[in-house]
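Printed here is work.txt (compact mmCIF, C-alpha atoms):
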```txt
# COMPACT_ATOMS: atom_id res chain seq x y z
CA MET A 211 -45.63 -88.46 -120.93
CA ARG A 212 -47.78 -90.74 -118.74
CA PHE A 213 -51.50 -90.08 -118.55
CA SER A 214 -53.64 -91.72 -115.85
CA LEU A 215 -56.67 -90.08 -117.49
CA ALA A 216 -57.01 -88.45 -120.90
CA ALA A 217 -60.23 -87.45 -122.64
CA LEU A 218 -61.15 -85.55 -125.73
CA LEU A 219 -64.07 -83.15 -125.42
CA LEU A 220 -66.08 -84.62 -128.28
CA SER A 221 -69.25 -82.64 -127.83
CA GLY A 222 -69.60 -80.61 -130.98
CA LEU A 223 -66.60 -82.28 -132.62
CA ALA A 224 -68.52 -85.37 -133.64
CA TYR A 225 -71.10 -83.14 -135.27
CA THR A 226 -68.31 -81.23 -137.00
CA ALA A 227 -66.79 -84.45 -138.32
CA ALA A 228 -70.15 -85.71 -139.52
CA ALA A 229 -70.56 -82.49 -141.47
CA GLN A 230 -67.51 -83.25 -143.63
CA PRO A 231 -68.49 -84.33 -147.16
CA ALA A 232 -67.97 -87.96 -148.08
CA ALA A 233 -64.87 -88.47 -150.20
CA PRO A 234 -65.11 -89.99 -153.66
CA ALA A 235 -62.59 -92.52 -154.95
CA ASP A 236 -58.98 -91.34 -155.04
CA SER A 237 -56.62 -91.46 -158.00
CA VAL A 238 -53.76 -92.62 -155.76
CA TYR A 239 -55.41 -95.46 -153.86
CA THR A 240 -58.96 -96.70 -154.21
CA THR A 241 -60.62 -98.95 -151.66
CA PRO A 242 -62.04 -102.04 -153.41
CA ALA A 243 -65.83 -101.96 -153.59
CA SER A 244 -66.01 -105.45 -152.13
CA ALA A 245 -64.02 -104.41 -149.07
CA PRO A 246 -65.08 -101.02 -147.74
CA GLY A 247 -62.76 -99.52 -145.12
CA LEU A 248 -61.83 -96.09 -143.95
CA ALA A 249 -62.67 -93.38 -146.44
CA PRO A 250 -59.98 -93.02 -149.13
CA LEU A 251 -58.31 -89.76 -150.03
CA ALA A 252 -60.48 -87.14 -151.68
CA ALA A 253 -60.41 -87.04 -155.44
CA GLN A 254 -60.10 -83.71 -157.20
CA MET A 255 -62.51 -81.32 -155.52
CA GLN A 256 -65.26 -79.86 -157.65
CA PRO A 257 -65.30 -76.05 -157.94
CA ARG A 258 -68.83 -76.00 -156.50
CA ALA A 259 -68.22 -78.45 -153.68
CA VAL A 260 -70.69 -78.23 -150.81
CA LYS A 261 -69.34 -75.91 -148.14
CA SER A 262 -68.82 -77.54 -144.75
CA PHE A 263 -67.72 -76.23 -141.37
CA GLY A 264 -63.98 -75.56 -141.26
CA GLN A 265 -63.33 -75.83 -144.98
CA LEU A 266 -60.97 -73.25 -146.48
CA GLY A 267 -59.70 -72.24 -149.89
CA LYS A 268 -61.37 -71.57 -153.21
CA ASN A 269 -62.06 -75.24 -153.83
CA LYS A 270 -62.36 -76.33 -150.18
CA THR A 271 -59.21 -78.48 -150.32
CA LEU A 272 -58.17 -77.48 -146.78
CA THR A 273 -59.94 -78.01 -143.46
CA LEU A 274 -59.28 -76.12 -140.22
CA LEU A 275 -60.81 -77.55 -137.07
CA PRO A 276 -60.48 -76.74 -133.33
CA ILE A 277 -59.59 -79.55 -130.91
CA PRO A 278 -60.00 -78.94 -127.14
CA VAL A 279 -58.16 -81.40 -124.89
CA ILE A 280 -58.18 -82.29 -121.18
CA PHE A 281 -55.88 -84.78 -119.41
CA TYR A 282 -54.50 -85.78 -116.04
CA GLN A 283 -51.10 -87.08 -114.93
CA ALA A 284 -49.86 -87.71 -111.43
CA GLU A 285 -46.89 -85.34 -111.44
CA THR A 286 -48.72 -82.32 -112.90
CA GLY A 287 -52.40 -82.73 -112.03
CA PHE A 288 -55.11 -81.83 -114.53
CA GLY A 289 -54.11 -80.23 -117.80
CA TYR A 290 -56.32 -78.39 -120.23
CA GLY A 291 -55.91 -76.43 -123.43
CA LEU A 292 -56.91 -75.92 -127.01
CA GLY A 293 -55.48 -76.92 -130.37
CA ALA A 294 -56.25 -76.61 -134.03
CA LEU A 295 -55.57 -78.83 -137.02
CA LEU A 296 -55.13 -77.69 -140.61
CA SER A 297 -55.30 -80.60 -143.03
CA GLY A 298 -55.57 -81.06 -146.79
CA ARG A 299 -53.85 -80.08 -150.02
CA PHE A 300 -52.56 -76.74 -151.22
CA THR A 301 -53.37 -77.89 -154.74
CA GLN A 302 -56.15 -79.74 -156.60
CA ASP A 303 -53.62 -82.35 -157.73
CA THR A 304 -54.70 -85.55 -155.94
CA LEU A 305 -51.32 -87.19 -156.60
CA THR A 306 -49.92 -84.81 -153.99
CA ARG A 307 -50.41 -86.30 -150.53
CA PRO A 308 -52.27 -84.31 -147.85
CA SER A 309 -50.33 -81.86 -145.71
CA ASN A 310 -51.09 -81.03 -142.10
CA ALA A 311 -50.19 -78.46 -139.47
CA ARG A 312 -51.09 -78.66 -135.79
CA VAL A 313 -50.94 -75.96 -133.15
CA GLN A 314 -51.71 -76.48 -129.48
CA TYR A 315 -51.47 -74.84 -126.08
CA TRP A 316 -52.05 -76.45 -122.71
CA THR A 317 -51.31 -75.73 -119.07
CA THR A 318 -51.60 -77.77 -115.87
CA GLN A 319 -52.67 -77.29 -112.26
CA LYS A 320 -49.03 -77.21 -111.18
CA GLY A 321 -47.89 -74.66 -113.75
CA GLN A 322 -46.48 -76.78 -116.58
CA SER A 323 -47.31 -75.68 -120.11
CA LEU A 324 -46.72 -76.27 -123.81
CA VAL A 325 -47.01 -74.08 -126.90
CA GLN A 326 -46.32 -76.02 -130.11
CA LEU A 327 -46.53 -75.87 -133.88
CA VAL A 328 -45.88 -79.07 -135.85
CA HIS A 329 -46.15 -79.28 -139.62
CA SER A 330 -45.68 -81.75 -142.50
CA ILE A 331 -46.17 -80.03 -145.84
CA TYR A 332 -45.96 -81.28 -149.42
CA THR A 333 -45.77 -78.55 -152.05
CA PRO A 334 -47.71 -79.03 -155.33
CA GLY A 335 -46.43 -82.04 -157.24
CA GLU A 336 -44.45 -83.01 -154.09
CA LYS A 337 -41.47 -81.09 -155.45
CA PHE A 338 -40.54 -80.19 -151.86
CA TYR A 339 -41.25 -81.70 -148.45
CA LEU A 340 -41.13 -79.50 -145.34
CA ASN A 341 -41.34 -81.04 -141.89
CA GLY A 342 -40.71 -79.44 -138.54
CA GLU A 343 -41.75 -78.11 -135.17
CA ILE A 344 -41.43 -75.13 -132.90
CA SER A 345 -42.11 -76.03 -129.27
CA ALA A 346 -41.81 -74.26 -125.93
CA TYR A 347 -42.23 -76.45 -122.84
CA ASP A 348 -42.31 -75.69 -119.15
CA ILE A 349 -42.08 -79.30 -118.17
CA LEU A 350 -41.88 -81.63 -115.17
CA LEU A 351 -40.67 -85.18 -115.79
CA PHE A 352 -39.29 -88.01 -113.70
CA TYR A 353 -35.63 -88.90 -114.16
CA TYR A 354 -34.39 -92.43 -113.46
CA GLY A 355 -30.77 -92.28 -114.56
CA LYS A 356 -28.90 -93.47 -117.64
CA GLY A 357 -28.61 -97.01 -118.94
CA PRO A 358 -30.78 -100.11 -119.43
CA ASN A 359 -31.01 -101.13 -115.76
CA THR A 360 -32.23 -98.04 -113.94
CA ALA A 361 -34.48 -98.82 -110.97
CA SER A 362 -38.01 -97.55 -110.46
CA ASP A 363 -36.95 -96.52 -106.94
CA ASN A 364 -34.74 -93.89 -108.60
CA GLU A 365 -37.83 -91.91 -109.65
CA SER A 366 -36.84 -88.26 -109.17
CA LYS A 367 -38.54 -85.08 -110.32
CA THR A 368 -36.83 -82.72 -112.73
CA ASP A 369 -38.27 -79.41 -113.87
CA TYR A 370 -36.98 -77.24 -116.71
CA LYS A 371 -37.92 -75.04 -119.63
CA LEU A 372 -37.27 -76.50 -123.07
CA PHE A 373 -37.34 -74.67 -126.40
CA ILE A 374 -37.07 -76.59 -129.70
CA ILE A 375 -36.73 -75.54 -133.32
CA ASN A 376 -36.50 -78.44 -135.75
CA GLN A 377 -36.86 -77.79 -139.47
CA ARG A 378 -36.32 -80.07 -142.42
CA LEU A 379 -36.34 -79.11 -146.10
CA GLN A 380 -36.09 -81.81 -148.77
CA LYS A 381 -36.39 -81.80 -152.54
CA GLN A 382 -37.79 -84.69 -154.56
CA VAL A 383 -34.86 -86.06 -156.57
CA ALA A 384 -36.66 -89.15 -157.91
CA PRO A 385 -40.21 -90.49 -157.59
CA LYS A 386 -40.97 -90.68 -153.84
CA LEU A 387 -37.28 -90.02 -152.99
CA PHE A 388 -36.46 -86.80 -151.11
CA PHE A 389 -33.04 -85.40 -150.20
CA GLY A 390 -32.20 -82.35 -148.15
CA ALA A 391 -31.04 -81.01 -144.79
CA GLN A 392 -32.28 -80.77 -141.24
CA TYR A 393 -31.47 -78.20 -138.56
CA ARG A 394 -32.28 -78.80 -134.89
CA LEU A 395 -31.91 -76.46 -131.92
CA THR A 396 -32.77 -77.39 -128.34
CA ASN A 397 -32.32 -74.97 -125.46
CA ILE A 398 -32.79 -76.02 -121.82
CA THR A 399 -32.97 -73.44 -119.04
CA GLY A 400 -34.01 -73.26 -115.41
CA ILE A 401 -33.21 -76.88 -114.54
CA THR A 402 -34.32 -77.66 -110.98
CA ALA A 403 -34.68 -80.87 -109.02
CA PRO A 404 -35.45 -81.38 -105.32
CA GLU A 405 -32.55 -82.74 -103.30
CA ALA A 406 -34.64 -85.66 -102.03
CA THR A 407 -37.32 -87.91 -103.50
CA LYS A 408 -40.74 -88.42 -101.89
CA ASP A 409 -39.22 -91.42 -100.07
CA GLY A 410 -36.47 -89.26 -98.56
CA LYS A 411 -33.71 -90.60 -100.82
CA THR A 412 -31.23 -88.33 -102.56
CA ASN A 413 -32.43 -87.36 -106.03
CA VAL A 414 -30.65 -89.57 -108.56
CA PHE A 415 -30.27 -86.48 -110.75
CA TYR A 416 -27.45 -85.53 -108.36
CA THR A 417 -26.04 -88.99 -107.62
CA ASP A 418 -26.05 -90.62 -111.08
CA SER A 419 -22.40 -91.52 -111.70
CA ARG A 420 -22.78 -90.80 -115.42
CA MET A 421 -24.32 -87.36 -114.90
CA THR A 422 -21.85 -84.46 -114.97
CA GLU A 423 -22.24 -81.14 -113.19
CA ARG A 424 -22.27 -79.37 -116.57
CA GLU A 425 -25.37 -81.33 -117.64
CA ARG A 426 -27.31 -79.88 -114.70
CA GLN A 427 -26.85 -76.36 -116.08
CA ASP A 428 -28.50 -74.45 -118.93
CA THR A 429 -27.61 -76.12 -122.22
CA ARG A 430 -27.95 -75.25 -125.89
CA ILE A 431 -27.64 -77.88 -128.60
CA SER A 432 -27.43 -76.84 -132.25
CA GLY A 433 -26.94 -79.24 -135.14
CA LEU A 434 -27.21 -79.55 -138.91
CA GLY A 435 -27.03 -82.51 -141.23
CA PRO A 436 -28.23 -84.36 -144.34
CA VAL A 437 -31.39 -86.45 -144.53
CA ILE A 438 -32.70 -88.74 -147.25
CA THR A 439 -36.21 -90.19 -147.33
CA TYR A 440 -37.89 -92.80 -149.51
CA ASP A 441 -41.62 -92.60 -148.85
CA THR A 442 -44.33 -94.53 -150.71
CA ARG A 443 -47.03 -94.24 -148.01
CA ASP A 444 -50.40 -93.31 -149.47
CA VAL A 445 -51.35 -91.04 -146.54
CA PRO A 446 -48.61 -90.24 -143.99
CA LEU A 447 -50.98 -89.62 -141.04
CA ALA A 448 -52.74 -92.98 -141.41
CA ALA A 449 -51.22 -95.13 -144.12
CA PHE A 450 -53.07 -98.10 -145.61
CA LYS A 451 -50.09 -99.23 -147.67
CA GLY A 452 -46.53 -98.25 -148.50
CA ASP A 453 -43.10 -97.93 -146.95
CA LEU A 454 -40.92 -95.30 -145.34
CA LEU A 455 -37.13 -95.38 -145.10
CA ASP A 456 -35.62 -92.29 -143.50
CA LEU A 457 -31.86 -91.90 -142.92
CA GLY A 458 -30.27 -88.87 -141.30
CA ALA A 459 -27.22 -87.56 -139.47
CA THR A 460 -27.04 -84.42 -137.33
CA PHE A 461 -23.67 -82.83 -136.54
CA ASN A 462 -23.81 -80.75 -133.36
CA GLY A 463 -20.85 -78.47 -132.71
CA THR A 464 -19.54 -75.24 -131.27
CA GLY A 465 -19.39 -73.71 -134.76
CA LEU A 466 -23.20 -73.85 -134.79
CA GLY A 467 -23.54 -72.46 -131.29
CA SER A 468 -23.83 -75.81 -129.49
CA ASP A 469 -22.49 -76.33 -125.97
CA TYR A 470 -21.74 -79.97 -126.78
CA ARG A 471 -20.09 -81.70 -129.72
CA PHE A 472 -21.65 -84.96 -130.86
CA VAL A 473 -23.16 -86.67 -133.90
CA ARG A 474 -26.58 -88.29 -134.01
CA TYR A 475 -27.36 -90.98 -136.61
CA GLN A 476 -30.88 -92.26 -137.11
CA VAL A 477 -32.56 -94.88 -139.26
CA ASP A 478 -36.36 -95.12 -139.37
CA ALA A 479 -38.05 -97.89 -141.39
CA ARG A 480 -41.83 -98.42 -141.55
CA HIS A 481 -44.09 -100.78 -143.49
CA PHE A 482 -47.88 -100.70 -143.96
CA GLN A 483 -50.09 -103.24 -145.68
CA PRO A 484 -53.76 -104.25 -145.75
CA LEU A 485 -54.57 -107.80 -144.65
CA GLY A 486 -57.19 -108.97 -147.10
CA SER A 487 -58.82 -105.55 -147.31
CA THR A 488 -58.35 -102.03 -146.00
CA ARG A 489 -60.58 -102.89 -143.06
CA THR A 490 -57.49 -104.43 -141.43
CA ILE A 491 -54.07 -102.76 -141.61
CA LEU A 492 -50.74 -104.08 -140.34
CA ALA A 493 -48.24 -101.37 -139.44
CA ALA A 494 -44.63 -101.98 -138.35
CA GLN A 495 -41.67 -99.76 -137.49
CA PHE A 496 -37.99 -100.15 -136.69
CA LEU A 497 -36.07 -97.17 -135.35
CA GLY A 498 -32.44 -96.95 -134.32
CA GLN A 499 -30.71 -93.88 -132.93
CA PHE A 500 -26.96 -93.85 -132.34
CA HIS A 501 -24.54 -91.23 -130.97
CA THR A 502 -20.85 -90.48 -130.98
CA GLY A 503 -19.21 -87.76 -128.92
CA ASP A 504 -20.30 -86.03 -125.70
CA VAL A 505 -24.10 -86.26 -125.31
CA PRO A 506 -25.95 -84.48 -122.45
CA PHE A 507 -28.76 -86.30 -120.66
CA ARG A 508 -31.66 -84.55 -122.43
CA GLU A 509 -30.27 -85.48 -125.88
CA LEU A 510 -29.83 -89.19 -125.22
CA ALA A 511 -31.99 -91.67 -127.12
CA GLY A 512 -34.98 -92.72 -125.03
CA LEU A 513 -37.45 -95.58 -124.90
CA GLY A 514 -40.94 -94.41 -124.18
CA ALA A 515 -41.34 -91.26 -126.27
CA ASN A 516 -44.58 -89.35 -126.65
CA LEU A 517 -43.02 -85.89 -126.54
CA GLY A 518 -40.25 -86.73 -129.02
CA GLY A 519 -41.93 -84.88 -131.87
CA THR A 520 -39.68 -84.40 -134.87
CA LEU A 521 -36.76 -86.02 -133.04
CA TYR A 522 -38.32 -89.39 -133.92
CA ASN A 523 -40.09 -88.26 -137.12
CA ASN A 524 -43.31 -87.65 -135.17
CA ALA A 525 -43.55 -91.26 -133.99
CA ASN A 526 -44.48 -92.43 -130.49
CA LEU A 527 -41.97 -95.07 -129.40
CA LEU A 528 -43.17 -97.95 -127.20
CA ARG A 529 -46.36 -96.48 -125.79
CA GLY A 530 -46.79 -97.70 -122.22
CA ILE A 531 -43.23 -96.95 -121.14
CA TYR A 532 -42.89 -93.63 -119.32
CA GLU A 533 -41.31 -90.71 -121.21
CA GLN A 534 -37.59 -91.54 -121.66
CA ARG A 535 -37.84 -94.07 -118.81
CA PHE A 536 -34.74 -95.75 -120.25
CA ARG A 537 -32.20 -93.53 -121.99
CA ASP A 538 -28.65 -93.91 -123.27
CA ARG A 539 -26.34 -93.13 -126.17
CA GLN A 540 -27.53 -96.02 -128.34
CA MET A 541 -31.09 -97.26 -128.86
CA VAL A 542 -32.96 -99.76 -131.03
CA MET A 543 -36.70 -100.32 -131.08
CA PHE A 544 -39.30 -102.34 -133.01
CA GLN A 545 -43.07 -101.98 -132.74
CA ALA A 546 -46.09 -103.25 -134.63
CA GLU A 547 -49.78 -102.42 -134.65
CA LEU A 548 -52.92 -104.06 -136.02
CA ARG A 549 -55.60 -101.51 -136.99
CA GLN A 550 -59.17 -102.72 -137.47
CA LYS A 551 -62.18 -100.93 -138.93
CA LEU A 552 -65.24 -101.42 -136.68
CA PHE A 553 -68.25 -99.27 -137.62
CA TRP A 554 -69.12 -95.73 -138.66
CA ARG A 555 -66.02 -93.68 -137.84
CA ILE A 556 -64.81 -95.94 -135.03
CA ASP A 557 -61.72 -98.16 -135.37
CA ALA A 558 -59.69 -100.24 -132.91
CA ALA A 559 -56.03 -101.16 -132.60
CA ILE A 560 -53.78 -103.49 -130.65
CA PHE A 561 -50.04 -102.86 -130.49
CA GLY A 562 -46.80 -104.02 -128.92
CA GLY A 563 -43.09 -103.51 -129.16
CA VAL A 564 -39.62 -104.23 -127.82
CA GLY A 565 -36.53 -102.09 -127.44
CA ASN A 566 -33.16 -101.66 -125.79
CA VAL A 567 -30.68 -98.96 -124.84
CA ASN A 568 -26.99 -99.04 -123.93
CA GLN A 569 -23.93 -96.86 -123.79
CA TYR A 570 -22.22 -98.99 -126.42
CA ILE A 571 -23.66 -100.80 -129.44
CA ASP A 572 -21.71 -103.99 -128.77
CA LYS A 573 -23.09 -104.16 -125.22
CA PHE A 574 -26.74 -104.68 -126.16
CA ALA A 575 -28.02 -107.70 -124.20
CA LEU A 576 -31.19 -109.73 -124.75
CA LYS A 577 -31.84 -109.78 -121.00
CA ASP A 578 -32.13 -105.98 -121.03
CA THR A 579 -34.97 -105.97 -123.59
CA LYS A 580 -37.89 -103.72 -122.63
CA TYR A 581 -41.51 -104.48 -123.55
CA ALA A 582 -44.60 -102.37 -124.10
CA GLY A 583 -48.08 -102.89 -125.46
CA GLY A 584 -51.73 -102.03 -125.29
CA ALA A 585 -54.93 -101.34 -127.19
CA GLY A 586 -56.97 -98.35 -128.20
CA ILE A 587 -59.82 -96.84 -130.17
CA ARG A 588 -59.77 -94.37 -133.05
CA PHE A 589 -62.30 -91.75 -134.11
CA ASN A 590 -61.99 -90.89 -137.80
CA PHE A 591 -62.27 -87.15 -137.28
CA LEU A 592 -61.69 -86.08 -140.87
CA GLN A 593 -62.42 -88.76 -143.46
CA ARG A 594 -61.04 -86.95 -146.48
CA ASP A 595 -57.46 -86.93 -145.13
CA ARG A 596 -57.75 -89.88 -142.69
CA VAL A 597 -57.17 -87.75 -139.62
CA ASN A 598 -57.80 -89.93 -136.57
CA LEU A 599 -58.17 -89.01 -132.92
CA ARG A 600 -56.40 -91.69 -130.90
CA LEU A 601 -57.07 -92.93 -127.36
CA ASP A 602 -54.77 -95.73 -126.15
CA TYR A 603 -54.38 -97.69 -122.94
CA ALA A 604 -50.85 -99.04 -122.62
CA GLY A 605 -48.28 -100.41 -120.18
CA GLY A 606 -44.63 -101.35 -120.32
CA THR A 607 -41.43 -102.24 -118.51
CA GLY A 608 -40.77 -100.11 -115.43
CA SER A 609 -43.93 -98.04 -115.88
CA LYS A 610 -47.50 -97.89 -114.62
CA PRO A 611 -50.21 -98.40 -117.26
CA GLY A 612 -51.93 -95.26 -118.44
CA ILE A 613 -54.13 -93.62 -121.07
CA LEU A 614 -52.75 -91.50 -123.88
CA PHE A 615 -54.58 -89.19 -126.25
CA ALA A 616 -53.20 -87.80 -129.53
CA ILE A 617 -54.03 -86.66 -133.04
CA GLY A 618 -52.97 -89.09 -135.76
CA GLU A 619 -51.58 -92.60 -135.54
CA ALA A 620 -48.53 -93.36 -133.39
CA PHE A 621 -46.42 -93.97 -136.50
```

Show this structure as structure tokens.
Amino acid sequence: MRFSLAALLLSGLAYTAAAQPAAPADSVYTTPASAPGLAPLAAQMQPRAVKSFGQLGKNKTLTLLPIPVIFYQAETGFGYGLGALLSGRFTQDTLTRPSNARVQYWTTQKGQSLVQLVHSIYTPGEKFYLNGEISAYDILLFYYGKGPNTASDNESKTDYKLFIINQRLQKQVAPKLFFGAQYRLTNITGITAPEATKDGKTNVFYTDSRMTERERQDTRISGLGPVITYDTRDVPLAAFKGDLLDLGATFNGTGLGSDYRFVRYQVDARHFQPLGSTRTILAAQFLGQFHTGDVPFRELAGLGANLGGTLYNNANLLRGIYEQRFRDRQMVMFQAELRQKLFWRIDAAIFGGVGNVNQYIDKFALKDTKYAGGAGIRFNFLQRDRVNLRLDYAGGTGSKPGILFAIGEAF
């Protein structure tokens, strides 16, 4: 989703963040004394820990904080709403990484809205990992067609309601190795698109040669499949070090209530490492998504993804490219980011990436490579669990530069 203006209402929130107790050294990863960086994970909380605003639980291992948000985008006008973040551990065991759950609601001047719950939960001892979302959108997005060479002149409005349930349950089968299953349901209703664009041209949603009449109707997609994850990141929301390798396949079929039959394969690989000290972190990600079978337009892999949610393991893909500006059956993407500690709770980042889409894997062409990049600032909202508020300015191929606001790092 493209933002021409996005701002967090920080009045009161900065005071709330400052009220959080400083975190002592962590048993998982300790910042060297000679190289102070962002606050490490909290060590085991003392039974008589000082109470602070938003802290929950007998030993204050959880924090619940409100987060109001306001933004603007050209197609929807001003948007405003309220969210809340629950972060921390459900145990005093500091070897268990922090969990988080986020809920938000927003609406816009032109009637678009979102209600969403996203969660990533580690049970005590990390015996189980639960990750998922429940989202209900009333959304307006531009559609440009399918393939790597869609023209900006094809910009056409599409409006529809989208409901998503995505739930993953995995069991730890070896240290840092999780295996389990994922179920995903997407339901699209009320698809509308004006017959003509603002320039008087016919909406490409009706003229795209690869768009079928069936795709323009209400569609339900339901799929189930295995997923395996090797995850050594110290803190998933803002890792200083570690790796993630996530492999999954989702089989969508009529036996599960799906209107379309296709298989989605995805590989997600990430690497994080400090450069000299934890004041400077290098983060990198490769993601590939591949399909076989009959895939409707909304389920195609897309470059430029800020609303992807659990579809892309809660990563933003190529910030600066408009939401699914380029979409097709096959997609590969690489992005990297340099994160730098500045002062107090303020950090900075520069980032860039490349990617490509095509109908067929063997048709990927270097000349079709798309680019994106930008820079941003971070406010370390909750030091104990490294929860950052992120404000980025980014631009990319076929898209106007814009500002994006989010909770947590992009990947």

Find the residues near Gly342 (chain A): any atom within 9 Å, counting all atoms listed in the file, skip ones fewer than 5 places away on the same chain, and give them as a list in words. Leu327, Val328, His329, Ser330, Ile375, Asn376, Gln377, Arg378, Leu379, Gln392, Gly519, Thr520 and Asn523 of chain A

Shortest interatomic distance to Gly605 (chain A) - which of A:Lys580, A:Gly452, A:Pro404, A:Gln322, counting all atoms listed in the file: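 Of all the options, A:Lys580 lies closest to Gly605 (chain A).
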
Can you measure CA of Arg508 (chain A) to CA of Arg474 (chain A) for me? One decimal in Å is fine.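 Those two atoms sit 13.2 Å apart.
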
Skipping near chain neighbours, those fewer than 2 positions away, what residues fall within 12 Å of Asn397 (chain A) using only C-alpha atoms, listed as a PyMOL selection string? chain A and resi 344-348+370-376+394-395+399-401+427-433+467-470+506+508-509

Taking every listed atom of region 384-388 of chain A and adding 6 Å to each side, what centre and edge lengths in Å (one decimal) does the axis-aligned box have, as AutoDock Vina command-line options?
```
--center_x -38.7 --center_y -88.7 --center_z -154.5 --size_x 16.5 --size_y 15.9 --size_z 18.8
```

Exercise: Gly618 (chain A) partners within 8 Å, only C-alpha atoms, chain neighbours under 6 positions left out, as an MDAnalysis selection string: chainID A and resid 447:448 597:600

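Between CA of Glu343 (chain A) and CA of Arg596 (chain A) lies a distance of 21.2 Å.
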
Tell me which protein, DNA and RNA residues are within 7 Å of Leu513 (chain A), counting all atoms listed in the file, leaving out same-chain ones fewer than 3 positions away, and put them as a PyMOL selection string. chain A and resi 527-528+534-537

Interatomic distance (Å, one decimal) between CA of Phe591 (chain A) and CA of Thr333 (chain A):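 About the pair CA of Phe591 (chain A) and CA of Thr333 (chain A): they are 23.8 Å apart.
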
Using all atoms listed in the file, pick whichever of A:Pro436, A:Gly298, A:Gly583, A:Gly321 has the shortest atom-to-atom distance to Lys270 (chain A).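 Result for the nearest residue to Lys270 (chain A): A:Gly298.
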
So that I can check the surroundings of Tyr332 (chain A), please list as a PyMOL selection string every protein, DNA and RNA residue that reaches within 12 Å of it, counting all atoms listed in the file and ignoring chain neighbours fewer than 2 positions away. chain A and resi 297-301+303-311+329-330+334-341+378-382+386+388+445-446

Prev. selection, C-alpha atoms, output as a PDB file, in the frame of the given file:
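Written out: part_17.pdb:
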```
ATOM      1  CA  SER A 297     -55.300 -80.600-143.030  1.00  0.00           C
ATOM      2  CA  GLY A 298     -55.570 -81.060-146.790  1.00  0.00           C
ATOM      3  CA  ARG A 299     -53.850 -80.080-150.020  1.00  0.00           C
ATOM      4  CA  PHE A 300     -52.560 -76.740-151.220  1.00  0.00           C
ATOM      5  CA  THR A 301     -53.370 -77.890-154.740  1.00  0.00           C
ATOM      6  CA  ASP A 303     -53.620 -82.350-157.730  1.00  0.00           C
ATOM      7  CA  THR A 304     -54.700 -85.550-155.940  1.00  0.00           C
ATOM      8  CA  LEU A 305     -51.320 -87.190-156.600  1.00  0.00           C
ATOM      9  CA  THR A 306     -49.920 -84.810-153.990  1.00  0.00           C
ATOM     10  CA  ARG A 307     -50.410 -86.300-150.530  1.00  0.00           C
ATOM     11  CA  PRO A 308     -52.270 -84.310-147.850  1.00  0.00           C
ATOM     12  CA  SER A 309     -50.330 -81.860-145.710  1.00  0.00           C
ATOM     13  CA  ASN A 310     -51.090 -81.030-142.100  1.00  0.00           C
ATOM     14  CA  ALA A 311     -50.190 -78.460-139.470  1.00  0.00           C
ATOM     15  CA  HIS A 329     -46.150 -79.280-139.620  1.00  0.00           C
ATOM     16  CA  SER A 330     -45.680 -81.750-142.500  1.00  0.00           C
ATOM     17  CA  PRO A 334     -47.710 -79.030-155.330  1.00  0.00           C
ATOM     18  CA  GLY A 335     -46.430 -82.040-157.240  1.00  0.00           C
ATOM     19  CA  GLU A 336     -44.450 -83.010-154.090  1.00  0.00           C
ATOM     20  CA  LYS A 337     -41.470 -81.090-155.450  1.00  0.00           C
ATOM     21  CA  PHE A 338     -40.540 -80.190-151.860  1.00  0.00           C
ATOM     22  CA  TYR A 339     -41.250 -81.700-148.450  1.00  0.00           C
ATOM     23  CA  LEU A 340     -41.130 -79.500-145.340  1.00  0.00           C
ATOM     24  CA  ASN A 341     -41.340 -81.040-141.890  1.00  0.00           C
ATOM     25  CA  ARG A 378     -36.320 -80.070-142.420  1.00  0.00           C
ATOM     26  CA  LEU A 379     -36.340 -79.110-146.100  1.00  0.00           C
ATOM     27  CA  GLN A 380     -36.090 -81.810-148.770  1.00  0.00           C
ATOM     28  CA  LYS A 381     -36.390 -81.800-152.540  1.00  0.00           C
ATOM     29  CA  GLN A 382     -37.790 -84.690-154.560  1.00  0.00           C
ATOM     30  CA  LYS A 386     -40.970 -90.680-153.840  1.00  0.00           C
ATOM     31  CA  PHE A 388     -36.460 -86.800-151.110  1.00  0.00           C
ATOM     32  CA  VAL A 445     -51.350 -91.040-146.540  1.00  0.00           C
ATOM     33  CA  PRO A 446     -48.610 -90.240-143.990  1.00  0.00           C
TER      34      PRO A 446
END
```

Identify which of the residues A:Glu619, A:Asp369, A:Asp441, A:Asp418 lies closest to Leu455 (chain A), counting only C-alpha atoms when measuring atom-to-atom distances.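 Of the candidates, the smallest distance to Leu455 (chain A) is held by A:Asp441.
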
As a PDB file, in the coordinates of the input, please: region 555-559 of chain A completed to N, CA and C atoms.
```pdb
ATOM      1  N   ARG A 555     -67.343 -94.272-137.837  1.00  0.00           N
ATOM      2  CA  ARG A 555     -66.020 -93.680-137.840  1.00  0.00           C
ATOM      3  C   ARG A 555     -65.140 -94.232-136.715  1.00  0.00           C
ATOM      4  N   ILE A 556     -65.509 -95.361-136.176  1.00  0.00           N
ATOM      5  CA  ILE A 556     -64.810 -95.940-135.030  1.00  0.00           C
ATOM      6  C   ILE A 556     -63.941 -97.115-135.480  1.00  0.00           C
ATOM      7  N   ASP A 557     -62.667 -97.081-135.109  1.00  0.00           N
ATOM      8  CA  ASP A 557     -61.720 -98.160-135.370  1.00  0.00           C
ATOM      9  C   ASP A 557     -61.103 -98.599-134.048  1.00  0.00           C
ATOM     10  N   ALA A 558     -60.396 -99.737-134.089  1.00  0.00           N
ATOM     11  CA  ALA A 558     -59.690-100.240-132.910  1.00  0.00           C
ATOM     12  C   ALA A 558     -58.280-100.639-133.318  1.00  0.00           C
ATOM     13  N   ALA A 559     -57.409-100.760-132.329  1.00  0.00           N
ATOM     14  CA  ALA A 559     -56.030-101.160-132.600  1.00  0.00           C
ATOM     15  C   ALA A 559     -55.457-101.891-131.403  1.00  0.00           C
TER      16      ALA A 559
END
```
